[in-house]
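Engineer: Before we start, here is the structure in question, set down as structure tokens.
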Amino acid sequence: MKAIILIGGFGTRLRPLTCTRPKALFPIVNKPLLQWTLEKLAQGGVTEVILAVNKLTKFHIKQQRLSKCGLKIKFSLDPPKTPLGTAGPIKKAEKIIGHDEPFLVLNGDLITEISYSEILQSHAEGKAVATIALHEVEDPSRYGVAELADGNRIKRFIEKPPKGTEPSKLINAGVYVLSPKIFEYIPTDKAVSMEREVFPRLAEEKKLYGHQVCGLWIDIGKPEDYLQTNKMLLESCADKNPKSSKFECKEPVALGKGVSIGEKSVIGPCTVLGKNVTVGRNVQIRDSVVFEDAKIGDDTVVVGALIGEAAYVGKKARISEGCIVADHAKVKDGAKLHEKVSVCPAKEI
Ligand code: GDD
Ligand code: MG
């Protein structure tokens, strides 16, 4: 079975952290999101994965040396001047995917418990050209929304409907199965949106079906979602940390290899410190993710924030909720960042 993962977007809602890494490589409890996805695909019986990327994403993925989990992995590159959207990359990969059997498509910015075999099964039973995993959410306006006819057929698909106009709470979970017939619906070499162009047309032609799923599902697309994703996985998978007489860990907390924490510091709850992070004395960090090699100075407080790779936060600083300090940025001693302040990569403030 083949799967294509769409990971060539620009991750604009997670800037400035996405200025220096693609969304798919953001660490979730200290493991890159794409690694989580590859592991789940391998467990789900997929044998070949196509990564639909842009040039920069491909570069970053190659640098990471992810474990392939026994999968055959190929890259399919968007042209440098034309990002192909969410359907264009599928057409571009037509030759690699082939016409033999239905295949799986995943948005690359998700953590889910969706069973791939169940949705494939559901697709095989019907007359669908596309079968979308549908997940129920409180606010569907941020997503693609499906209106069901009798049974599992989708009669209308609307991408990001204005709030209050959503026809249901069932959203495109960013996991779908397509039959090779789909290639007839996507023009070659141009940007095409699966959600705004292809799905609505399939719905009109009565060839679009849904398969309702439940369980853990989250798109890391915005900073608060990314923090929430780490929190959810920390709660379900983090090991308890050994007690230290020097500092305190309020679980759940995940500490990467080589982390050092000074006396009287309190880490957690809901906090991830990446590999080789150095935390000074009397520091408080909670509800936050600190990427590898970052340094946090003595007497500093970090609450609900994202601290990028090799960033430096000085002594007696305060980083408030929703702040993002990007890779290699430097926040000097005593600086106080109010809520939702972002510091660009390598910037000193
Ligand atoms: N190769 C390539 N080229 N990939 C792309 C491009 C592109 O031009 N544009 C976006 N992608 C990838 C992104 O990297 C991401 O993994 C995926 O396609 C979806 O794009 P997002 O930008 O994250 O879309 P969204 O979150 O606003 O909405 C999508 O996901 C929702 C579920 O999270 C839609 O599919 C919605 O219908 C859906 O509900
Ligand atoms: Mg998304």
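By convention here, the chains of the structure tokens are called A, B, ... in the order presented, each chain's residues are numbered starting at 1, and ligands are numbered starting at 1 in the order presented.
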Can you list every residue of segment 142-256 of chain A that has an atom at most 9 Å from segment 85-100 of chain A, with its nearest atom pair and the distance in Å to one decimal, using only C-alpha atoms, ordered by chain then number, as a Markdown table?
Structural biologist:
| residue | atom | partner | partner_atom | distance |
| --- | --- | --- | --- | --- |
| A:Ser179 | CA | A:His99 | CA | 8.2 |
| A:Pro180 | CA | A:His99 | CA | 5.1 |
| A:Lys181 | CA | A:His99 | CA | 8.1 |
| A:Ile182 | CA | A:Lys91 | CA | 8.6 |
| A:Phe183 | CA | A:Lys91 | CA | 6.0 |
| A:Glu184 | CA | A:Lys91 | CA | 8.9 |
| A:Ile186 | CA | A:Lys91 | CA | 6.2 |
| A:Pro187 | CA | A:Lys91 | CA | 7.3 |
| A:Thr188 | CA | A:Lys91 | CA | 6.3 |
| A:Asp189 | CA | A:Gly88 | CA | 6.9 |
| A:Lys190 | CA | A:Gly88 | CA | 6.1 |
| A:Ala191 | CA | A:Gly85 | CA | 5.0 |
| A:Val192 | CA | A:Gly88 | CA | 5.0 |
| A:Ser193 | CA | A:Thr86 | CA | 5.1 |
| A:Met194 | CA | A:Ala87 | CA | 4.6 |
| A:Glu195 | CA | A:Thr86 | CA | 7.7 |
| A:Glu197 | CA | A:Ala87 | CA | 8.8 |
| A:Val198 | CA | A:Ala87 | CA | 7.7 |
Engineer: Would you export the selected residues with C-alpha atoms as a PDB file, in the first residue's frame, please?
Structural biologist:
ATOM      1  CA  SER A 179      -8.863   5.839  -6.251  1.00  0.00           C
ATOM      2  CA  PRO A 180      -6.576   6.245  -9.302  1.00  0.00           C
ATOM      3  CA  LYS A 181      -9.594   7.779 -11.103  1.00  0.00           C
ATOM      4  CA  ILE A 182      -8.735  10.952  -9.147  1.00  0.00           C
ATOM      5  CA  PHE A 183      -5.935  11.749 -11.605  1.00  0.00           C
ATOM      6  CA  GLU A 184      -8.608  12.664 -14.183  1.00  0.00           C
ATOM      7  CA  ILE A 186      -6.526  17.233 -11.372  1.00  0.00           C
ATOM      8  CA  PRO A 187      -4.884  19.301 -14.132  1.00  0.00           C
ATOM      9  CA  THR A 188      -1.111  18.930 -14.597  1.00  0.00           C
ATOM     10  CA  ASP A 189       1.613  21.379 -13.527  1.00  0.00           C
ATOM     11  CA  LYS A 190      -0.508  23.927 -11.714  1.00  0.00           C
ATOM     12  CA  ALA A 191      -1.611  24.735  -8.203  1.00  0.00           C
ATOM     13  CA  VAL A 192      -4.872  22.944  -7.456  1.00  0.00           C
ATOM     14  CA  SER A 193      -6.710  22.791  -4.141  1.00  0.00           C
ATOM     15  CA  MET A 194      -8.142  19.431  -3.189  1.00  0.00           C
ATOM     16  CA  GLU A 195     -10.485  21.062  -0.704  1.00  0.00           C
ATOM     17  CA  GLU A 197     -11.773  22.497  -6.250  1.00  0.00           C
ATOM     18  CA  VAL A 198     -11.631  18.701  -6.341  1.00  0.00           C
TER      19      VAL A 198
END
Engineer: What do you get as a PyMOL selection string if you pick all residues at most 6 Å from ligand 1, counting only C-alpha atoms and all ligand atoms?
Structural biologist: chain A and resi 6-9+52-53+78+83-86+89+107-109+143-144+159+171-174+195+219+221
Engineer: Please produce an output containing C-alpha atoms for each residue in the selection, written as a tab-separated table (two decimals), in the first residue's frame.
Structural biologist:
chain	number	residue	atom	x	y	z
A	6	LEU	CA	1.66	16.59	1.80
A	7	ILE	CA	4.42	18.59	3.45
A	8	GLY	CA	5.22	21.41	1.08
A	9	GLY	CA	3.22	24.19	2.72
A	52	ALA	CA	5.33	15.78	-1.50
A	53	VAL	CA	7.74	18.56	-0.63
A	78	ASP	CA	6.87	20.92	-6.22
A	83	PRO	CA	3.77	25.47	-4.98
A	84	LEU	CA	1.17	22.99	-6.22
A	85	GLY	CA	-1.38	23.30	-3.42
A	86	THR	CA	-2.95	20.17	-1.93
A	89	PRO	CA	1.34	17.36	-5.78
A	107	ASN	CA	-1.70	16.16	5.55
A	108	GLY	CA	1.73	16.28	7.12
A	109	ASP	CA	0.84	18.40	10.14
A	143	TYR	CA	-11.33	23.34	8.62
A	144	GLY	CA	-12.96	21.69	5.60
A	159	GLU	CA	-13.45	24.60	2.96
A	171	ILE	CA	-14.42	18.04	9.33
A	172	ASN	CA	-11.89	16.69	6.90
A	173	ALA	CA	-9.35	15.11	9.24
A	174	GLY	CA	-6.63	15.50	6.61
A	195	GLU	CA	-10.49	21.06	-0.70
A	219	ASP	CA	-3.49	19.62	13.54
A	221	GLY	CA	-0.99	24.36	12.52
Engineer: For segment 309-311 of chain A, find every residue with an atom within 7 Å (counting only C-alpha atoms), except residues of its own chain fewer than 2 positions away, and show them as a ChimeraX atom specification.
Structural biologist: /A:291-295,307,313,326-330
Engineer: Please, could you write that set of residues out with N, CA, C and O atoms as a PDB file, in the first residue's frame?
Structural biologist:
ATOM      1  N   PHE A 291      13.065  23.977  22.435  1.00  0.00           N
ATOM      2  CA  PHE A 291      13.737  23.153  21.431  1.00  0.00           C
ATOM      3  C   PHE A 291      15.201  22.920  21.832  1.00  0.00           C
ATOM      4  O   PHE A 291      15.753  23.609  22.686  1.00  0.00           O
ATOM      5  N   GLU A 292      15.838  21.961  21.146  1.00  0.00           N
ATOM      6  CA  GLU A 292      17.177  21.533  21.565  1.00  0.00           C
ATOM      7  C   GLU A 292      18.197  22.666  21.577  1.00  0.00           C
ATOM      8  O   GLU A 292      18.080  23.649  20.856  1.00  0.00           O
ATOM      9  N   ASP A 293      19.169  22.498  22.461  1.00  0.00           N
ATOM     10  CA  ASP A 293      20.321  23.401  22.598  1.00  0.00           C
ATOM     11  C   ASP A 293      19.976  24.818  23.075  1.00  0.00           C
ATOM     12  O   ASP A 293      20.842  25.704  23.035  1.00  0.00           O
ATOM     13  N   ALA A 294      18.730  25.062  23.491  1.00  0.00           N
ATOM     14  CA  ALA A 294      18.409  26.401  24.004  1.00  0.00           C
ATOM     15  C   ALA A 294      18.981  26.557  25.419  1.00  0.00           C
ATOM     16  O   ALA A 294      19.233  25.571  26.108  1.00  0.00           O
ATOM     17  N   LYS A 295      19.179  27.827  25.808  1.00  0.00           N
ATOM     18  CA  LYS A 295      19.701  28.101  27.162  1.00  0.00           C
ATOM     19  C   LYS A 295      18.790  29.113  27.853  1.00  0.00           C
ATOM     20  O   LYS A 295      18.431  30.130  27.267  1.00  0.00           O
ATOM     21  N   ILE A 307      10.237  28.140  22.760  1.00  0.00           N
ATOM     22  CA  ILE A 307      11.606  28.659  22.697  1.00  0.00           C
ATOM     23  C   ILE A 307      12.356  27.826  21.664  1.00  0.00           C
ATOM     24  O   ILE A 307      12.455  26.606  21.794  1.00  0.00           O
ATOM     25  N   VAL A 313      17.782  32.734  26.389  1.00  0.00           N
ATOM     26  CA  VAL A 313      16.978  33.661  27.186  1.00  0.00           C
ATOM     27  C   VAL A 313      17.819  33.984  28.419  1.00  0.00           C
ATOM     28  O   VAL A 313      18.236  33.077  29.156  1.00  0.00           O
ATOM     29  N   ALA A 326      12.320  32.540  18.338  1.00  0.00           N
ATOM     30  CA  ALA A 326      12.730  31.642  17.247  1.00  0.00           C
ATOM     31  C   ALA A 326      14.168  31.160  17.424  1.00  0.00           C
ATOM     32  O   ALA A 326      14.879  31.594  18.340  1.00  0.00           O
ATOM     33  N   ASP A 327      14.585  30.267  16.540  1.00  0.00           N
ATOM     34  CA  ASP A 327      15.910  29.659  16.621  1.00  0.00           C
ATOM     35  C   ASP A 327      17.011  30.734  16.702  1.00  0.00           C
ATOM     36  O   ASP A 327      16.964  31.727  15.977  1.00  0.00           O
ATOM     37  N   HIS A 328      17.977  30.483  17.534  1.00  0.00           N
ATOM     38  CA  HIS A 328      19.171  31.328  17.663  1.00  0.00           C
ATOM     39  C   HIS A 328      18.868  32.769  18.099  1.00  0.00           C
ATOM     40  O   HIS A 328      19.763  33.628  18.057  1.00  0.00           O
ATOM     41  N   ALA A 329      17.646  33.074  18.484  1.00  0.00           N
ATOM     42  CA  ALA A 329      17.346  34.440  18.955  1.00  0.00           C
ATOM     43  C   ALA A 329      17.935  34.605  20.356  1.00  0.00           C
ATOM     44  O   ALA A 329      18.198  33.633  21.059  1.00  0.00           O
ATOM     45  N   LYS A 330      18.124  35.874  20.744  1.00  0.00           N
ATOM     46  CA  LYS A 330      18.731  36.136  22.045  1.00  0.00           C
ATOM     47  C   LYS A 330      17.880  37.166  22.794  1.00  0.00           C
ATOM     48  O   LYS A 330      17.716  38.293  22.315  1.00  0.00           O
TER      49      LYS A 330
END
Engineer: Please identify the strand (DSSP E or B) residues within segment 2-243 of chain A (assignment by DSSP from backbone atoms) and present them as a VMD selection string.
Structural biologist: chain A and resid 2 to 6 27 to 28 31 to 32 48 to 53 72 to 77 103 to 107 110 to 112 130 to 136 144 to 148 153 to 159 170 to 178 208 to 213 217 to 219
Engineer: Identify which of the residues A:Arg13, A:Lys315, A:Lys2, A:Arg21 lies closest to ligand 2, counting only C-alpha atoms and all ligand atoms when measuring atom-to-atom distances.
Structural biologist: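 Result for the nearest residue to ligand 2: A:Arg13.
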Engineer: Using only C-alpha atoms, which residue out of A:Ile324, A:Ile267, A:Val253, A:Leu170 lies closest to Glu235 of chain A?
Structural biologist: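 Of the candidates, the smallest distance to Glu235 of chain A is held by A:Val253.
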Engineer: I want to know what sits within 12 Å of Glu136 of chain A, based on only C-alpha atoms, with residues of the same chain fewer than 3 positions away left out; could you give that as a PDB file with N, CA, C and O atoms, in the first residue's frame?
Structural biologist:
ATOM      1  N   ALA A 133     -11.577  10.781   5.938  1.00  0.00           N
ATOM      2  CA  ALA A 133     -11.780  10.544   7.375  1.00  0.00           C
ATOM      3  C   ALA A 133     -12.421  11.803   7.952  1.00  0.00           C
ATOM      4  O   ALA A 133     -11.905  12.911   7.761  1.00  0.00           O
ATOM      5  N   ASP A 139     -15.410  23.695  16.782  1.00  0.00           N
ATOM      6  CA  ASP A 139     -15.406  24.827  15.854  1.00  0.00           C
ATOM      7  C   ASP A 139     -14.930  24.386  14.463  1.00  0.00           C
ATOM      8  O   ASP A 139     -13.738  24.390  14.175  1.00  0.00           O
ATOM      9  N   PRO A 140     -15.875  24.002  13.596  1.00  0.00           N
ATOM     10  CA  PRO A 140     -15.454  23.495  12.280  1.00  0.00           C
ATOM     11  C   PRO A 140     -14.997  24.578  11.305  1.00  0.00           C
ATOM     12  O   PRO A 140     -14.431  24.264  10.255  1.00  0.00           O
ATOM     13  N   SER A 141     -15.209  25.862  11.649  1.00  0.00           N
ATOM     14  CA  SER A 141     -14.970  26.929  10.666  1.00  0.00           C
ATOM     15  C   SER A 141     -13.498  27.016  10.236  1.00  0.00           C
ATOM     16  O   SER A 141     -13.190  27.571   9.191  1.00  0.00           O
ATOM     17  N   TYR A 143     -11.699  24.547   9.373  1.00  0.00           N
ATOM     18  CA  TYR A 143     -11.335  23.341   8.617  1.00  0.00           C
ATOM     19  C   TYR A 143     -12.206  23.190   7.369  1.00  0.00           C
ATOM     20  O   TYR A 143     -13.009  24.051   7.049  1.00  0.00           O
ATOM     21  N   GLY A 144     -12.060  22.039   6.703  1.00  0.00           N
ATOM     22  CA  GLY A 144     -12.959  21.688   5.603  1.00  0.00           C
ATOM     23  C   GLY A 144     -14.136  20.922   6.198  1.00  0.00           C
ATOM     24  O   GLY A 144     -13.943  19.983   6.959  1.00  0.00           O
ATOM     25  N   VAL A 145     -15.362  21.335   5.853  1.00  0.00           N
ATOM     26  CA  VAL A 145     -16.542  20.764   6.511  1.00  0.00           C
ATOM     27  C   VAL A 145     -17.372  19.943   5.522  1.00  0.00           C
ATOM     28  O   VAL A 145     -17.577  20.345   4.376  1.00  0.00           O
ATOM     29  N   ALA A 146     -17.837  18.785   6.001  1.00  0.00           N
ATOM     30  CA  ALA A 146     -18.622  17.884   5.139  1.00  0.00           C
ATOM     31  C   ALA A 146     -20.074  17.855   5.578  1.00  0.00           C
ATOM     32  O   ALA A 146     -20.372  17.774   6.766  1.00  0.00           O
ATOM     33  N   GLU A 147     -20.963  17.933   4.592  1.00  0.00           N
ATOM     34  CA  GLU A 147     -22.385  17.736   4.871  1.00  0.00           C
ATOM     35  C   GLU A 147     -22.776  16.376   4.288  1.00  0.00           C
ATOM     36  O   GLU A 147     -22.589  16.140   3.082  1.00  0.00           O
ATOM     37  N   SER A 168     -22.201  21.308   9.325  1.00  0.00           N
ATOM     38  CA  SER A 168     -22.090  20.226  10.314  1.00  0.00           C
ATOM     39  C   SER A 168     -20.818  20.444  11.118  1.00  0.00           C
ATOM     40  O   SER A 168     -20.090  21.403  10.892  1.00  0.00           O
ATOM     41  N   LYS A 169     -20.586  19.550  12.063  1.00  0.00           N
ATOM     42  CA  LYS A 169     -19.349  19.643  12.855  1.00  0.00           C
ATOM     43  C   LYS A 169     -18.331  18.604  12.399  1.00  0.00           C
ATOM     44  O   LYS A 169     -17.331  18.348  13.062  1.00  0.00           O
ATOM     45  N   LEU A 170     -18.630  17.978  11.264  1.00  0.00           N
ATOM     46  CA  LEU A 170     -17.740  16.931  10.766  1.00  0.00           C
ATOM     47  C   LEU A 170     -16.719  17.530   9.811  1.00  0.00           C
ATOM     48  O   LEU A 170     -17.080  18.082   8.764  1.00  0.00           O
ATOM     49  N   ILE A 171     -15.447  17.401  10.173  1.00  0.00           N
ATOM     50  CA  ILE A 171     -14.418  18.041   9.334  1.00  0.00           C
ATOM     51  C   ILE A 171     -13.517  17.009   8.664  1.00  0.00           C
ATOM     52  O   ILE A 171     -13.396  15.872   9.118  1.00  0.00           O
ATOM     53  N   ASN A 172     -12.919  17.462   7.577  1.00  0.00           N
ATOM     54  CA  ASN A 172     -11.889  16.685   6.898  1.00  0.00           C
ATOM     55  C   ASN A 172     -10.714  16.556   7.865  1.00  0.00           C
ATOM     56  O   ASN A 172     -10.082  17.548   8.210  1.00  0.00           O
ATOM     57  N   ALA A 173     -10.428  15.323   8.277  1.00  0.00           N
ATOM     58  CA  ALA A 173      -9.347  15.110   9.238  1.00  0.00           C
ATOM     59  C   ALA A 173      -7.973  15.126   8.578  1.00  0.00           C
ATOM     60  O   ALA A 173      -6.969  14.856   9.228  1.00  0.00           O
ATOM     61  N   GLY A 210     -17.558   9.803   3.189  1.00  0.00           N
ATOM     62  CA  GLY A 210     -16.865  10.073   4.453  1.00  0.00           C
ATOM     63  C   GLY A 210     -16.786   8.808   5.289  1.00  0.00           C
ATOM     64  O   GLY A 210     -17.563   7.872   5.101  1.00  0.00           O
ATOM     65  N   HIS A 211     -15.831   8.807   6.195  1.00  0.00           N
ATOM     66  CA  HIS A 211     -15.720   7.701   7.139  1.00  0.00           C
ATOM     67  C   HIS A 211     -15.449   8.328   8.497  1.00  0.00           C
ATOM     68  O   HIS A 211     -14.394   8.944   8.701  1.00  0.00           O
ATOM     69  N   GLN A 212     -16.422   8.241   9.421  1.00  0.00           N
ATOM     70  CA  GLN A 212     -16.275   8.953  10.691  1.00  0.00           C
ATOM     71  C   GLN A 212     -15.284   8.255  11.605  1.00  0.00           C
ATOM     72  O   GLN A 212     -15.313   7.042  11.748  1.00  0.00           O
ATOM     73  N   VAL A 213     -14.411   9.082  12.204  1.00  0.00           N
ATOM     74  CA  VAL A 213     -13.388   8.528  13.104  1.00  0.00           C
ATOM     75  C   VAL A 213     -13.472   9.240  14.451  1.00  0.00           C
ATOM     76  O   VAL A 213     -13.982  10.352  14.546  1.00  0.00           O
ATOM     77  N   CYS A 214     -12.993   8.575  15.499  1.00  0.00           N
ATOM     78  CA  CYS A 214     -12.924   9.280  16.784  1.00  0.00           C
ATOM     79  C   CYS A 214     -11.545   9.030  17.393  1.00  0.00           C
ATOM     80  O   CYS A 214     -10.693   8.422  16.769  1.00  0.00           O
ATOM     81  N   GLY A 215     -11.331   9.519  18.575  1.00  0.00           N
ATOM     82  CA  GLY A 215     -10.024   9.370  19.224  1.00  0.00           C
ATOM     83  C   GLY A 215      -9.180  10.609  19.013  1.00  0.00           C
ATOM     84  O   GLY A 215      -9.649  11.627  18.506  1.00  0.00           O
ATOM     85  N   LEU A 216      -7.928  10.492  19.407  1.00  0.00           N
ATOM     86  CA  LEU A 216      -7.016  11.636  19.375  1.00  0.00           C
ATOM     87  C   LEU A 216      -6.815  12.142  17.941  1.00  0.00           C
ATOM     88  O   LEU A 216      -6.534  11.368  17.037  1.00  0.00           O
ATOM     89  N   TRP A 217      -6.989  13.436  17.754  1.00  0.00           N
ATOM     90  CA  TRP A 217      -6.740  14.052  16.440  1.00  0.00           C
ATOM     91  C   TRP A 217      -6.380  15.511  16.667  1.00  0.00           C
ATOM     92  O   TRP A 217      -7.115  16.222  17.354  1.00  0.00           O
ATOM     93  N   ILE A 218      -5.278  15.931  16.113  1.00  0.00           N
ATOM     94  CA  ILE A 218      -4.938  17.355  16.244  1.00  0.00           C
ATOM     95  C   ILE A 218      -4.009  17.791  15.111  1.00  0.00           C
ATOM     96  O   ILE A 218      -3.135  17.054  14.676  1.00  0.00           O
TER      97      ILE A 218
END
Engineer: For Ala128 of chain A, find every residue with an atom within 9 Å (counting only C-alpha atoms), except residues of its own chain fewer than 2 positions away, and show them as a tab-separated table (two decimals) with all heavy atoms, in the first residue's frame.
Structural biologist:
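selection_19.tsv was written with the following content:
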chain	number	residue	atom	x	y	z
A	123	HIS	N	-13.51	2.64	2.04
A	123	HIS	CA	-13.40	3.09	0.64
A	123	HIS	C	-13.68	1.92	-0.32
A	123	HIS	O	-14.41	2.07	-1.30
A	123	HIS	CB	-12.00	3.65	0.38
A	123	HIS	CG	-11.80	4.19	-1.00
A	123	HIS	ND1	-12.21	5.44	-1.37
A	123	HIS	CD2	-11.26	3.64	-2.11
A	123	HIS	CE1	-11.92	5.65	-2.64
A	123	HIS	NE2	-11.34	4.56	-3.11
A	124	ALA	N	-13.13	0.77	0.02
A	124	ALA	CA	-13.27	-0.41	-0.86
A	124	ALA	C	-14.73	-0.85	-0.98
A	124	ALA	O	-15.15	-1.38	-2.01
A	124	ALA	CB	-12.42	-1.55	-0.31
A	125	GLU	N	-15.52	-0.58	0.08
A	125	GLU	CA	-16.91	-1.05	0.09
A	125	GLU	C	-17.83	-0.20	-0.80
A	125	GLU	O	-18.85	-0.67	-1.26
A	125	GLU	CB	-17.46	-1.00	1.53
A	125	GLU	CG	-16.96	-2.16	2.35
A	125	GLU	CD	-17.10	-1.90	3.86
A	125	GLU	OE1	-17.73	-0.89	4.23
A	125	GLU	OE2	-16.56	-2.72	4.63
A	126	GLY	N	-17.45	1.07	-1.03
A	126	GLY	CA	-18.39	1.95	-1.74
A	126	GLY	C	-17.97	2.24	-3.17
A	126	GLY	O	-17.10	1.58	-3.73
A	130	ALA	N	-13.15	9.31	-3.72
A	130	ALA	CA	-12.41	9.75	-2.53
A	130	ALA	C	-13.22	9.43	-1.28
A	130	ALA	O	-14.44	9.65	-1.26
A	130	ALA	CB	-12.15	11.25	-2.59
A	131	THR	N	-12.56	8.91	-0.27
A	131	THR	CA	-13.20	8.70	1.04
A	131	THR	C	-12.39	9.45	2.09
A	131	THR	O	-11.20	9.20	2.26
A	131	THR	CB	-13.25	7.20	1.41
A	131	THR	OG1	-13.96	6.51	0.38
A	131	THR	CG2	-13.95	6.97	2.74
A	153	ARG	N	-22.38	9.20	2.21
A	153	ARG	CA	-22.03	10.04	1.07
A	153	ARG	C	-21.99	11.51	1.50
A	153	ARG	O	-22.82	11.96	2.28
A	153	ARG	CB	-23.02	9.85	-0.08
A	153	ARG	CG	-22.56	10.53	-1.36
A	153	ARG	CD	-23.41	10.11	-2.53
A	153	ARG	NE	-24.80	10.57	-2.41
A	153	ARG	CZ	-25.20	11.83	-2.61
A	153	ARG	NH1	-24.33	12.77	-2.94
A	153	ARG	NH2	-26.46	12.16	-2.48
A	178	LEU	N	-7.84	7.80	-1.96
A	178	LEU	CA	-8.24	8.17	-3.32
A	178	LEU	C	-8.09	6.96	-4.25
A	178	LEU	O	-7.15	6.17	-4.10
A	178	LEU	CB	-7.33	9.29	-3.84
A	178	LEU	CG	-7.31	10.60	-3.05
A	178	LEU	CD1	-6.29	11.57	-3.65
A	178	LEU	CD2	-8.70	11.25	-3.02
A	179	SER	N	-9.02	6.85	-5.19
A	179	SER	CA	-8.86	5.84	-6.25
A	179	SER	C	-8.09	6.47	-7.40
A	179	SER	O	-8.16	7.70	-7.59
A	179	SER	CB	-10.24	5.41	-6.76
A	179	SER	OG	-10.85	4.62	-5.78
A	202	LEU	N	-16.33	16.42	-6.77
A	202	LEU	CA	-16.66	15.02	-6.50
A	202	LEU	C	-17.98	14.91	-5.76
A	202	LEU	O	-18.78	14.00	-6.02
A	202	LEU	CB	-15.56	14.36	-5.67
A	202	LEU	CG	-14.23	14.06	-6.38
A	202	LEU	CD1	-13.19	13.57	-5.38
A	202	LEU	CD2	-14.42	13.03	-7.48
A	206	LYS	N	-21.50	12.93	-6.79
A	206	LYS	CA	-21.84	11.83	-5.88
A	206	LYS	C	-20.74	10.76	-5.78
A	206	LYS	O	-21.01	9.57	-5.68
A	206	LYS	CB	-23.17	11.16	-6.30
A	206	LYS	CG	-24.36	12.12	-6.32
A	206	LYS	CD	-25.65	11.31	-6.43
A	206	LYS	CE	-26.90	12.05	-6.13
A	206	LYS	NZ	-27.39	13.07	-6.97
A	207	LYS	N	-19.50	11.24	-5.82
A	207	LYS	CA	-18.38	10.30	-5.74
A	207	LYS	C	-17.50	10.55	-4.51
A	207	LYS	O	-16.38	10.08	-4.43
A	207	LYS	CB	-17.52	10.39	-7.00
A	207	LYS	CG	-18.24	9.80	-8.20
A	207	LYS	CD	-17.50	10.08	-9.48
A	207	LYS	CE	-18.31	9.58	-10.66
A	207	LYS	NZ	-17.95	10.27	-11.90
A	208	LEU	N	-18.04	11.36	-3.58
A	208	LEU	CA	-17.28	11.70	-2.38
A	208	LEU	C	-17.96	11.07	-1.16
A	208	LEU	O	-19.15	11.29	-0.93
A	208	LEU	CB	-17.21	13.23	-2.23
A	208	LEU	CG	-16.30	13.77	-1.14
A	208	LEU	CD1	-14.82	13.42	-1.44
A	208	LEU	CD2	-16.43	15.29	-1.02
A	209	TYR	N	-17.17	10.31	-0.38
A	209	TYR	CA	-17.73	9.63	0.80
A	209	TYR	C	-16.92	10.00	2.04
A	209	TYR	O	-15.77	10.43	1.94
A	209	TYR	CB	-17.74	8.11	0.59
A	209	TYR	CG	-18.88	7.66	-0.30
A	209	TYR	CD1	-18.86	7.95	-1.67
A	209	TYR	CD2	-19.97	6.99	0.21
A	209	TYR	CE1	-19.91	7.58	-2.50
A	209	TYR	CE2	-21.03	6.60	-0.61
A	209	TYR	CZ	-21.00	6.91	-1.97
A	209	TYR	OH	-22.03	6.55	-2.77
Engineer: Nearest to ligand 2 among A:Val105, A:Leu34, A:Leu110, A:Leu337, with distances taken over only C-alpha atoms and all ligand atoms: which residue is it?
Structural biologist: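 Smallest distance to ligand 2 is found for A:Leu110.
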Engineer: Ranking A:Val175, A:Ile4, A:Ile154, A:Leu51 by minimum distance to ligand 2 and counting only C-alpha atoms and all ligand atoms, which one comes first?
Structural biologist: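 Distance minimum relative to ligand 2 lands on A:Val175.
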Engineer: Can you pull out every residue from segment 206-261 of chain A that DSSP, working from the backbone, puts in alpha helix (DSSP H), and format the result as a ChimeraX atom specification?
Structural biologist: /A:223-237
Engineer: What gap, in Å, lies between atom CA of Asn54 of chain A and atom CA of Val29 of chain A?
Structural biologist: 25.4 Å
Engineer: Counting only C-alpha atoms and all ligand atoms, which of A:Ile114, A:Ile158, A:Val49, A:Ile220 gets nearest to ligand 2?
Structural biologist: A:Ile220
